[in-house]
$ cat entry39.pdb   # PDB, C-alpha atoms and all ligand atoms
ATOM      1  CA  MET W  23     -91.076-122.174 -39.018
ATOM      2  CA  LEU W  24     -87.905-124.178 -39.407
ATOM      3  CA  PRO W  25     -85.449-123.790 -36.501
ATOM      4  CA  GLN W  26     -82.857-121.033 -37.038
ATOM      5  CA  ILE W  27     -79.255-121.867 -36.134
ATOM      6  CA  THR W  28     -75.792-120.453 -36.828
ATOM      7  CA  ALA W  29     -72.802-122.318 -38.229
ATOM      8  CA  THR W  30     -69.883-122.290 -35.789
ATOM      9  CA  ARG W  31     -67.376-124.395 -37.756
ATOM     10  CA  PHE W  32     -67.021-125.671 -41.300
ATOM     11  CA  LEU W  33     -65.850-129.285 -41.174
ATOM     12  CA  THR W  34     -65.501-130.584 -44.725
ATOM     13  CA  PRO W  35     -67.044-130.540 -48.167
ATOM     14  CA  LEU W  36     -69.060-133.672 -49.072
ATOM     15  CA  ARG W  37     -67.502-134.591 -52.358
ATOM     16  CA  GLU W  38     -70.021-137.323 -53.244
ATOM     17  CA  GLY W  39     -72.745-134.835 -54.082
ATOM     18  CA  GLY W  40     -73.043-132.956 -57.350
ATOM     19  CA  SER W  41     -73.910-129.714 -55.580
ATOM     20  CA  LEU W  42     -70.887-129.849 -53.237
ATOM     21  CA  PRO W  43     -72.754-129.722 -49.938
ATOM     22  CA  GLY W  44     -70.656-129.533 -46.786
ATOM     23  CA  LEU W  45     -70.639-130.491 -43.145
ATOM     24  CA  VAL W  46     -70.897-127.869 -40.408
ATOM     25  CA  GLU W  47     -71.173-127.696 -36.675
ATOM     26  CA  ALA W  48     -73.833-125.314 -35.446
ATOM     27  CA  SER W  49     -74.808-123.188 -32.459
ATOM     28  CA  ASP W  50     -77.128-125.909 -31.141
ATOM     29  CA  CYS W  51     -74.124-128.307 -30.960
ATOM     30  CA  GLY W  52     -75.552-130.336 -33.844
ATOM     31  CA  THR W  53     -73.703-131.479 -36.968
ATOM     32  CA  TYR W  54     -75.460-130.711 -40.226
ATOM     33  CA  VAL W  55     -75.122-131.179 -43.934
ATOM     34  CA  ILE W  56     -75.227-127.648 -45.295
ATOM     35  CA  LYS W  57     -76.788-127.059 -48.697
ATOM     36  CA  PHE W  58     -75.430-123.785 -49.929
ATOM     37  CA  ARG W  59     -77.498-120.889 -51.196
ATOM     38  CA  GLY W  60     -74.582-120.024 -53.480
ATOM     39  CA  ALA W  61     -74.306-123.464 -55.102
ATOM     40  CA  GLY W  62     -75.023-122.715 -58.734
ATOM     41  CA  GLN W  63     -78.620-123.862 -58.963
ATOM     42  CA  GLY W  64     -79.739-121.095 -56.636
ATOM     43  CA  LEU W  65     -82.341-120.695 -53.947
ATOM     44  CA  LYS W  66     -85.040-122.676 -55.737
ATOM     45  CA  VAL W  67     -83.182-125.880 -54.994
ATOM     46  CA  LEU W  68     -83.364-125.067 -51.285
ATOM     47  CA  VAL W  69     -87.074-124.325 -51.622
ATOM     48  CA  ALA W  70     -87.612-127.718 -53.264
ATOM     49  CA  GLU W  71     -85.631-129.418 -50.482
ATOM     50  CA  VAL W  72     -87.867-127.877 -47.830
ATOM     51  CA  ILE W  73     -91.185-128.443 -49.588
ATOM     52  CA  VAL W  74     -90.548-131.996 -50.747
ATOM     53  CA  GLY W  75     -88.702-133.027 -47.572
ATOM     54  CA  GLU W  76     -91.552-131.779 -45.416
ATOM     55  CA  LEU W  77     -94.165-133.399 -47.682
ATOM     56  CA  ALA W  78     -92.237-136.628 -47.131
ATOM     57  CA  ARG W  79     -92.435-136.138 -43.370
ATOM     58  CA  ARG W  80     -96.228-135.734 -43.676
ATOM     59  CA  LEU W  81     -96.306-139.104 -45.407
ATOM     60  CA  ASP W  82     -94.300-140.679 -42.551
ATOM     61  CA  ILE W  83     -91.289-141.163 -44.818
ATOM     62  CA  ARG W  84     -88.079-140.851 -42.771
ATOM     63  CA  VAL W  85     -86.303-137.601 -43.602
ATOM     64  CA  PRO W  86     -83.626-135.846 -41.505
ATOM     65  CA  GLU W  87     -84.682-132.751 -39.572
ATOM     66  CA  MET W  88     -84.078-129.490 -41.398
ATOM     67  CA  ALA W  89     -83.136-126.026 -40.156
ATOM     68  CA  VAL W  90     -82.072-122.674 -41.560
ATOM     69  CA  VAL W  91     -78.384-122.114 -40.855
ATOM     70  CA  ASP W  92     -76.721-118.727 -40.933
ATOM     71  CA  LEU W  93     -73.198-118.833 -42.352
ATOM     72  CA  PRO W  94     -71.114-115.977 -40.902
ATOM     73  CA  ALA W  95     -68.293-114.362 -42.889
ATOM     74  CA  ALA W  96     -65.654-115.374 -40.329
ATOM     75  CA  ILE W  97     -66.091-119.034 -41.242
ATOM     76  CA  ALA W  98     -65.506-118.487 -44.948
ATOM     77  CA  ARG W  99     -62.354-116.499 -44.271
ATOM     78  CA  TYR W 100     -60.412-119.435 -42.808
ATOM     79  CA  GLU W 101     -61.180-122.048 -45.465
ATOM     80  CA  ALA W 102     -57.988-123.104 -47.263
ATOM     81  CA  ASP W 103     -59.485-124.827 -50.323
ATOM     82  CA  GLU W 104     -60.116-122.104 -52.875
ATOM     83  CA  GLU W 105     -63.111-123.721 -54.574
ATOM     84  CA  VAL W 106     -64.766-124.292 -51.220
ATOM     85  CA  GLN W 107     -63.907-120.800 -50.021
ATOM     86  CA  ASP W 108     -65.593-119.302 -53.103
ATOM     87  CA  LEU W 109     -68.712-121.325 -52.361
ATOM     88  CA  LEU W 110     -68.710-120.289 -48.698
ATOM     89  CA  LYS W 111     -68.257-116.636 -49.637
ATOM     90  CA  ALA W 112     -71.133-116.861 -52.100
ATOM     91  CA  SER W 113     -73.299-118.389 -49.380
ATOM     92  CA  LEU W 114     -73.065-115.967 -46.467
ATOM     93  CA  GLY W 115     -76.422-115.689 -44.737
ATOM     94  CA  ASP W 116     -79.233-118.246 -44.735
ATOM     95  CA  ASN W 117     -78.531-121.746 -45.998
ATOM     96  CA  LEU W 118     -80.319-125.055 -45.541
ATOM     97  CA  ALA W 119     -79.135-127.387 -42.777
ATOM     98  CA  VAL W 120     -80.018-131.072 -42.930
ATOM     99  CA  ASP W 121     -79.377-133.115 -39.815
ATOM    100  CA  PHE W 122     -76.304-135.272 -40.446
ATOM    101  CA  LEU W 123     -76.927-139.004 -40.022
ATOM    102  CA  PRO W 124     -73.573-140.297 -38.729
ATOM    103  CA  GLY W 125     -72.621-143.779 -39.858
ATOM    104  CA  SER W 126     -75.298-143.917 -42.533
ATOM    105  CA  PHE W 127     -74.497-145.481 -45.883
ATOM    106  CA  GLY W 128     -75.915-145.110 -49.348
ATOM    107  CA  TYR W 129     -78.825-147.387 -50.282
ATOM    108  CA  ASP W 130     -77.612-150.531 -52.030
ATOM    109  CA  GLY W 131     -80.665-152.765 -51.756
ATOM    110  CA  SER W 132     -79.179-154.852 -48.949
ATOM    111  CA  ARG W 133     -81.618-153.361 -46.468
ATOM    112  CA  THR W 134     -84.919-152.541 -48.155
ATOM    113  CA  PRO W 135     -87.779-150.441 -46.843
ATOM    114  CA  SER W 136     -91.102-152.168 -46.182
ATOM    115  CA  PRO W 137     -93.347-152.503 -49.255
ATOM    116  CA  ASP W 138     -95.591-149.723 -47.934
ATOM    117  CA  GLU W 139     -92.678-147.364 -47.228
ATOM    118  CA  ALA W 140     -91.265-148.008 -50.677
ATOM    119  CA  ALA W 141     -94.646-147.343 -52.286
ATOM    120  CA  ASP W 142     -94.970-144.096 -50.313
ATOM    121  CA  ILE W 143     -91.550-142.903 -51.518
ATOM    122  CA  LEU W 144     -92.450-143.841 -55.074
ATOM    123  CA  TRP W 145     -95.675-141.884 -54.754
ATOM    124  CA  LEU W 146     -93.880-138.834 -53.351
ATOM    125  CA  ASP W 147     -91.405-138.856 -56.221
ATOM    126  CA  ALA W 148     -94.157-139.163 -58.812
ATOM    127  CA  PHE W 149     -96.179-136.396 -57.162
ATOM    128  CA  THR W 150     -93.236-134.006 -57.001
ATOM    129  CA  ALA W 151     -91.696-135.097 -60.328
ATOM    130  CA  ASN W 152     -88.449-136.115 -58.614
ATOM    131  CA  VAL W 153     -86.240-137.962 -61.107
ATOM    132  CA  ASP W 154     -83.350-138.135 -58.654
ATOM    133  CA  ARG W 155     -84.001-141.572 -57.137
ATOM    134  CA  THR W 156     -82.451-144.095 -59.501
ATOM    135  CA  TRP W 157     -79.812-146.781 -58.997
ATOM    136  CA  ALA W 158     -77.237-144.363 -60.377
ATOM    137  CA  ASN W 159     -78.280-141.827 -57.783
ATOM    138  CA  PRO W 160     -80.529-143.340 -55.090
ATOM    139  CA  ASN W 161     -80.571-140.402 -52.667
ATOM    140  CA  LEU W 162     -81.591-142.819 -49.942
ATOM    141  CA  LEU W 163     -79.485-143.494 -46.872
ATOM    142  CA  VAL W 164     -79.592-146.479 -44.552
ATOM    143  CA  TRP W 165     -79.266-145.413 -40.956
ATOM    144  CA  HIS W 166     -80.049-147.523 -37.889
ATOM    145  CA  ARG W 167     -81.313-150.194 -40.302
ATOM    146  CA  GLN W 168     -83.966-147.886 -41.697
ATOM    147  CA  VAL W 169     -84.180-146.142 -45.044
ATOM    148  CA  TRP W 170     -84.056-142.330 -45.020
ATOM    149  CA  ALA W 171     -84.848-140.078 -47.972
ATOM    150  CA  ILE W 172     -82.549-137.148 -48.810
ATOM    151  CA  ASP W 173     -81.837-134.687 -51.610
ATOM    152  CA  HIS W 174     -85.073-133.336 -53.041
ATOM    153  CA  GLY W 175     -83.608-130.291 -54.744
ATOM    154  CA  ALA W 176     -84.349-131.491 -58.267
ATOM    155  CA  ALA W 177     -88.073-132.010 -57.663
ATOM    156  CA  ILE W 178     -90.940-129.605 -58.440
ATOM    157  CA  TRP W 179     -89.085-128.308 -61.483
ATOM    158  CA  PHE W 180     -91.931-126.000 -62.522
ATOM    159  CA  HIS W 181     -90.516-123.132 -60.466
ATOM    160  CA  HIS W 182     -87.422-122.907 -62.680
ATOM    161  CA  SER W 183     -89.483-121.552 -65.520
ATOM    162  CA  TRP W 184     -92.384-119.779 -64.019
ATOM    163  CA  PRO W 185     -94.529-117.960 -64.776
ATOM    164  CA  SER W 186     -94.192-118.796 -68.468
ATOM    165  CA  ARG W 187     -92.529-121.560 -70.508
ATOM    166  CA  GLY W 188     -95.115-124.110 -69.478
ATOM    167  CA  ALA W 189     -94.824-123.502 -65.772
ATOM    168  CA  ASP W 190     -98.556-123.115 -65.401
ATOM    169  CA  ALA W 191    -100.224-125.283 -62.791
ATOM    170  CA  ALA W 192    -102.316-127.154 -65.358
ATOM    171  CA  ARG W 193     -99.272-128.388 -67.227
ATOM    172  CA  PHE W 194     -97.488-129.558 -64.089
ATOM    173  CA  ALA W 195    -100.708-131.224 -62.919
ATOM    174  CA  ALA W 196    -100.810-133.360 -66.046
ATOM    175  CA  GLN W 197     -97.118-134.138 -66.480
ATOM    176  CA  PRO W 198     -96.682-137.933 -66.593
ATOM    177  CA  PHE W 199     -94.026-139.604 -64.448
ATOM    178  CA  ASP W 200     -91.912-142.546 -65.515
ATOM    179  CA  LEU W 201     -91.370-144.980 -62.637
ATOM    180  CA  SER W 202     -89.397-147.513 -64.653
ATOM    181  CA  GLU W 203     -85.964-146.323 -63.464
ATOM    182  CA  HIS W 204     -86.951-145.771 -59.846
ATOM    183  CA  VAL W 205     -84.654-147.442 -57.318
ATOM    184  CA  LEU W 206     -87.596-148.803 -55.299
ATOM    185  CA  ARG W 207     -89.670-149.996 -58.249
ATOM    186  CA  ASP W 208     -89.201-153.683 -57.433
ATOM    187  CA  VAL W 209     -89.793-153.504 -53.693
ATOM    188  CA  ALA W 210     -92.831-151.216 -53.639
ATOM    189  CA  GLY W 211     -96.108-152.695 -52.434
ATOM    190  CA  ASP W 212     -99.676-151.738 -53.255
ATOM    191  CA  LEU W 213     -99.520-148.500 -55.249
ATOM    192  CA  ALA W 214    -103.242-147.750 -55.115
ATOM    193  CA  ALA W 215    -103.097-147.978 -51.321
ATOM    194  CA  ALA W 216    -100.118-145.589 -51.281
ATOM    195  CA  HIS W 217    -102.175-143.094 -53.223
ATOM    196  CA  SER W 218    -105.070-143.359 -50.759
ATOM    197  CA  ARG W 219    -102.729-142.837 -47.799
ATOM    198  CA  ALA W 220    -101.072-139.842 -49.397
ATOM    199  CA  ALA W 221    -104.279-138.239 -50.615
ATOM    200  CA  SER W 222    -105.763-138.365 -47.135
ATOM    201  CA  ALA W 223    -102.581-137.054 -45.464
ATOM    202  CA  LEU W 224    -102.055-134.162 -47.880
ATOM    203  CA  THR W 225    -105.128-132.099 -47.119
ATOM    204  CA  PRO W 226    -105.254-128.511 -48.416
ATOM    205  CA  GLU W 227    -104.193-127.396 -44.924
ATOM    206  CA  ALA W 228    -101.229-129.777 -44.939
ATOM    207  CA  LEU W 229    -100.026-128.466 -48.316
ATOM    208  CA  ALA W 230    -100.330-124.880 -47.123
ATOM    209  CA  ASP W 231     -98.541-125.684 -43.853
ATOM    210  CA  VAL W 232     -95.649-127.323 -45.682
ATOM    211  CA  VAL W 233     -95.216-124.413 -48.093
ATOM    212  CA  ALA W 234     -95.436-122.029 -45.130
ATOM    213  CA  LEU W 235     -92.200-123.545 -43.771
ATOM    214  CA  VAL W 236     -90.108-122.085 -46.606
ATOM    215  CA  PRO W 237     -88.218-119.029 -45.310
ATOM    216  CA  GLU W 238     -89.637-115.893 -46.886
ATOM    217  CA  GLN W 239     -86.226-114.675 -48.063
ATOM    218  CA  TRP W 240     -85.850-117.744 -50.330
ATOM    219  CA  LEU W 241     -89.053-116.974 -52.231
ATOM    220  CA  GLU W 242     -87.724-114.927 -55.100
ATOM    221  CA  PRO W 243     -90.226-112.854 -57.059
ATOM    222  CA  ALA W 244     -90.828-113.742 -60.710
ATOM    223  CA  PRO W 245     -92.793-111.934 -63.401
ATOM    224  CA  GLY W 246     -96.414-112.041 -62.250
ATOM    225  CA  LEU W 247     -95.367-113.222 -58.789
ATOM    226  CA  ASP W 248     -94.421-109.937 -57.227
ATOM    227  CA  ASP W 249     -93.824-110.820 -53.614
ATOM    228  CA  PRO W 250     -93.133-113.854 -51.420
ATOM    229  CA  LYS W 251     -96.826-114.242 -50.639
ATOM    230  CA  ALA W 252     -97.681-114.610 -54.319
ATOM    231  CA  VAL W 253     -94.852-117.091 -54.803
ATOM    232  CA  ARG W 254     -96.037-119.133 -51.834
ATOM    233  CA  THR W 255     -99.580-119.184 -53.196
ATOM    234  CA  ALA W 256     -98.265-120.368 -56.559
ATOM    235  CA  TYR W 257     -96.509-123.346 -54.936
ATOM    236  CA  VAL W 258     -99.691-124.354 -53.133
ATOM    237  CA  GLU W 259    -101.680-123.966 -56.355
ATOM    238  CA  HIS W 260     -99.279-126.144 -58.364
ATOM    239  CA  LEU W 261     -99.223-128.887 -55.742
ATOM    240  CA  SER W 262    -102.996-128.823 -55.238
ATOM    241  CA  ARG W 263    -103.687-129.077 -58.949
ATOM    242  CA  ARG W 264    -101.319-132.020 -59.333
ATOM    243  CA  LEU W 265    -102.845-133.809 -56.372
ATOM    244  CA  GLU W 266    -106.320-133.403 -57.875
ATOM    245  CA  ASN W 267    -105.071-134.810 -61.141
ATOM    246  CA  ALA W 268    -103.496-138.080 -60.027
ATOM    247  CA  THR W 269    -105.081-140.039 -62.847
ATOM    248  CA  ALA W 270    -102.700-138.264 -65.222
ATOM    249  CA  TRP W 271     -99.434-139.122 -63.473
ATOM    250  CA  TRP W 272    -100.032-141.880 -60.971
ATOM    251  CA  GLU W 273    -102.565-144.267 -62.391
ATOM    252  CA  ALA W 274    -100.820-143.982 -65.735
ATOM    253  CA  ALA W 275     -97.430-144.761 -64.196
ATOM    254  CA  SER W 276     -98.456-147.511 -61.798
TER
HETATM  255  N1  LIG N 301     -78.278-135.987 -43.755
HETATM  256  C1  LIG N 301     -77.211-136.653 -44.215
HETATM  257  N2  LIG N 301     -76.531-137.503 -43.408
HETATM  258  C2  LIG N 301     -75.444-138.166 -43.864
HETATM  259  N3  LIG N 301     -74.946-138.052 -45.119
HETATM  260  C3  LIG N 301     -75.585-137.227 -45.968
HETATM  261  C4  LIG N 301     -76.762-136.495 -45.575
HETATM  262  N4  LIG N 301     -77.159-135.748 -46.615
HETATM  263  C5  LIG N 301     -76.312-136.001 -47.612
HETATM  264  N5  LIG N 301     -75.362-136.890 -47.237
HETATM  265  C6  LIG N 301     -74.243-137.409 -48.082
HETATM  266  O1  LIG N 301     -73.848-136.406 -48.993
HETATM  267  C7  LIG N 301     -74.105-136.794 -50.337
HETATM  268  C8  LIG N 301     -74.607-135.606 -51.134
HETATM  269  O2  LIG N 301     -75.779-135.085 -50.569
HETATM  270  P1  LIG N 301     -77.055-134.801 -51.440
HETATM  271  O3  LIG N 301     -78.088-134.229 -50.533
HETATM  272  O4  LIG N 301     -77.454-136.033 -52.186
HETATM  273  O5  LIG N 301     -76.557-133.642 -52.401
HETATM  274  P2  LIG N 301     -76.363-133.502 -53.986
HETATM  275  O6  LIG N 301     -77.455-132.603 -54.418
HETATM  276  O7  LIG N 301     -75.058-132.868 -54.136
HETATM  277  O8  LIG N 301     -76.442-134.882 -54.594
HETATM  278  C9  LIG N 301     -75.134-137.924 -50.219
HETATM  279  O9  LIG N 301     -75.087-138.788 -51.298
HETATM  280  C10 LIG N 301     -74.707-138.582 -48.920
HETATM  281  O10 LIG N 301     -73.607-139.423 -49.131
HETATM  282 MG    MG N 302     -77.692-136.460 -54.175
END
$ encode --input "entry39.pdb" --output "structure tokens"
Amino acid sequence: MLPQITATRFLTPLREGGSLPGLVEASDCGTYVIKFRGAGQGLKVLVAEVIVGELARRLDIRVPEMAVVDLPAAIARYEADEEVQDLLKASLGDNLAVDFLPGSFGYDGSRTPSPDEAADILWLDAFTANVDRTWANPNLLVWHRQVWAIDHGAAIWFHHSWPSRGADAARFAAQPFDLSEHVLRDVAGDLAAAHSRAASALTPEALADVVALVPEQWLEPAPGLDDPKAVRTAYVEHLSRRLENATAWWEAAS
């Protein structure tokens, strides 16, 4: 399970991000980026953050620690900015906390990851259909001279339309991925080797363990997926099928 913490103070909204995340202090004395359950795109974005962020960790890609942060009503009450207060009020309860990397800066190519690290990130993005890693929007931070991956909420889009509208596992498994706009395209090393590393790290047990980290209350039922257990199984099924089908999306792209 992800650690469970409670927000003790809201510090500031992070205006750079499209989803208006914020900064909070929490009961464990840590400072976290909070990704709000009430931020428009809904709980599925938080689910994608957890699944793809934890898949990244399995591939030894640097990602900040994550936790589930409870946002109490008292914190929302004292926020002066109306837009932010509305978001806080819509987000009481469990939100996603991402460990804040103080002094980090957005990736600008001045400090590149190693060729293997870059290839691993490229592979992760192709596997999870993450289009949110371009020069316009790198979603990579440089911290302590290393590259860290953040913001995976747009990946694994299939859950936005399941169980119908093409959200079946076979379609996701075969969906090609276009690497041409990827921010690490030019620094990535051996792509075939990245696939071998990833395929051996992401065993069926690893996929199930990663999906098991998603808090049950974020797994909303959908037609044909009646309870959180069925939803969890569907995530594992989609990811497993895509992994088995790498010729369709990886060899074609690389
Ligand atoms: N863990 C973190 N540490 C430091 N800064 C962060 C962290 N996460 C996000 N940020 C900053 O906040 C911005 C928005 O966060 P991001 O996760 O990309 O959300 P959005 O979905 O809104 O783009 C990032 O571009 C970055 O500047
Ligand atoms: Mg972002």
$ resolve_selection --input "entry39.pdb" --expression "the PyMOL selection byres (((chain W and resi 145) around 9) and not hetatm)" --output "PyMOL selection string"
chain W and resi 140-144+146-150+213+216-217+220+272
$ atom_distance --input "entry39.pdb" --atom1 "CA of Arg264 in chain W" --atom2 "CA of Ala215 in chain W"
17.9 Å
$ residues_around --input "entry39.pdb" --residues "Lys111 in chain W" --least-positions-apart "5" --cutoff "12 Å" --atoms "only C-alpha atoms" --output "MDAnalysis selection string"
chainID W and resid 58:61 93:101 104:106
$ residues_near_ligand --input "entry39.pdb" --ligand "ligand MG 302 (chain N)" --cutoff "10 Å" --atoms "only C-alpha atoms and all ligand atoms" --output "VMD selection string"
chain W and resid 38 to 43 154 to 155 159 to 162 172 to 176
$ atom_distance --input "entry39.pdb" --atom1 "CA of His166 in chain W" --atom2 "CA of Leu123 in chain W"
9.3 Å
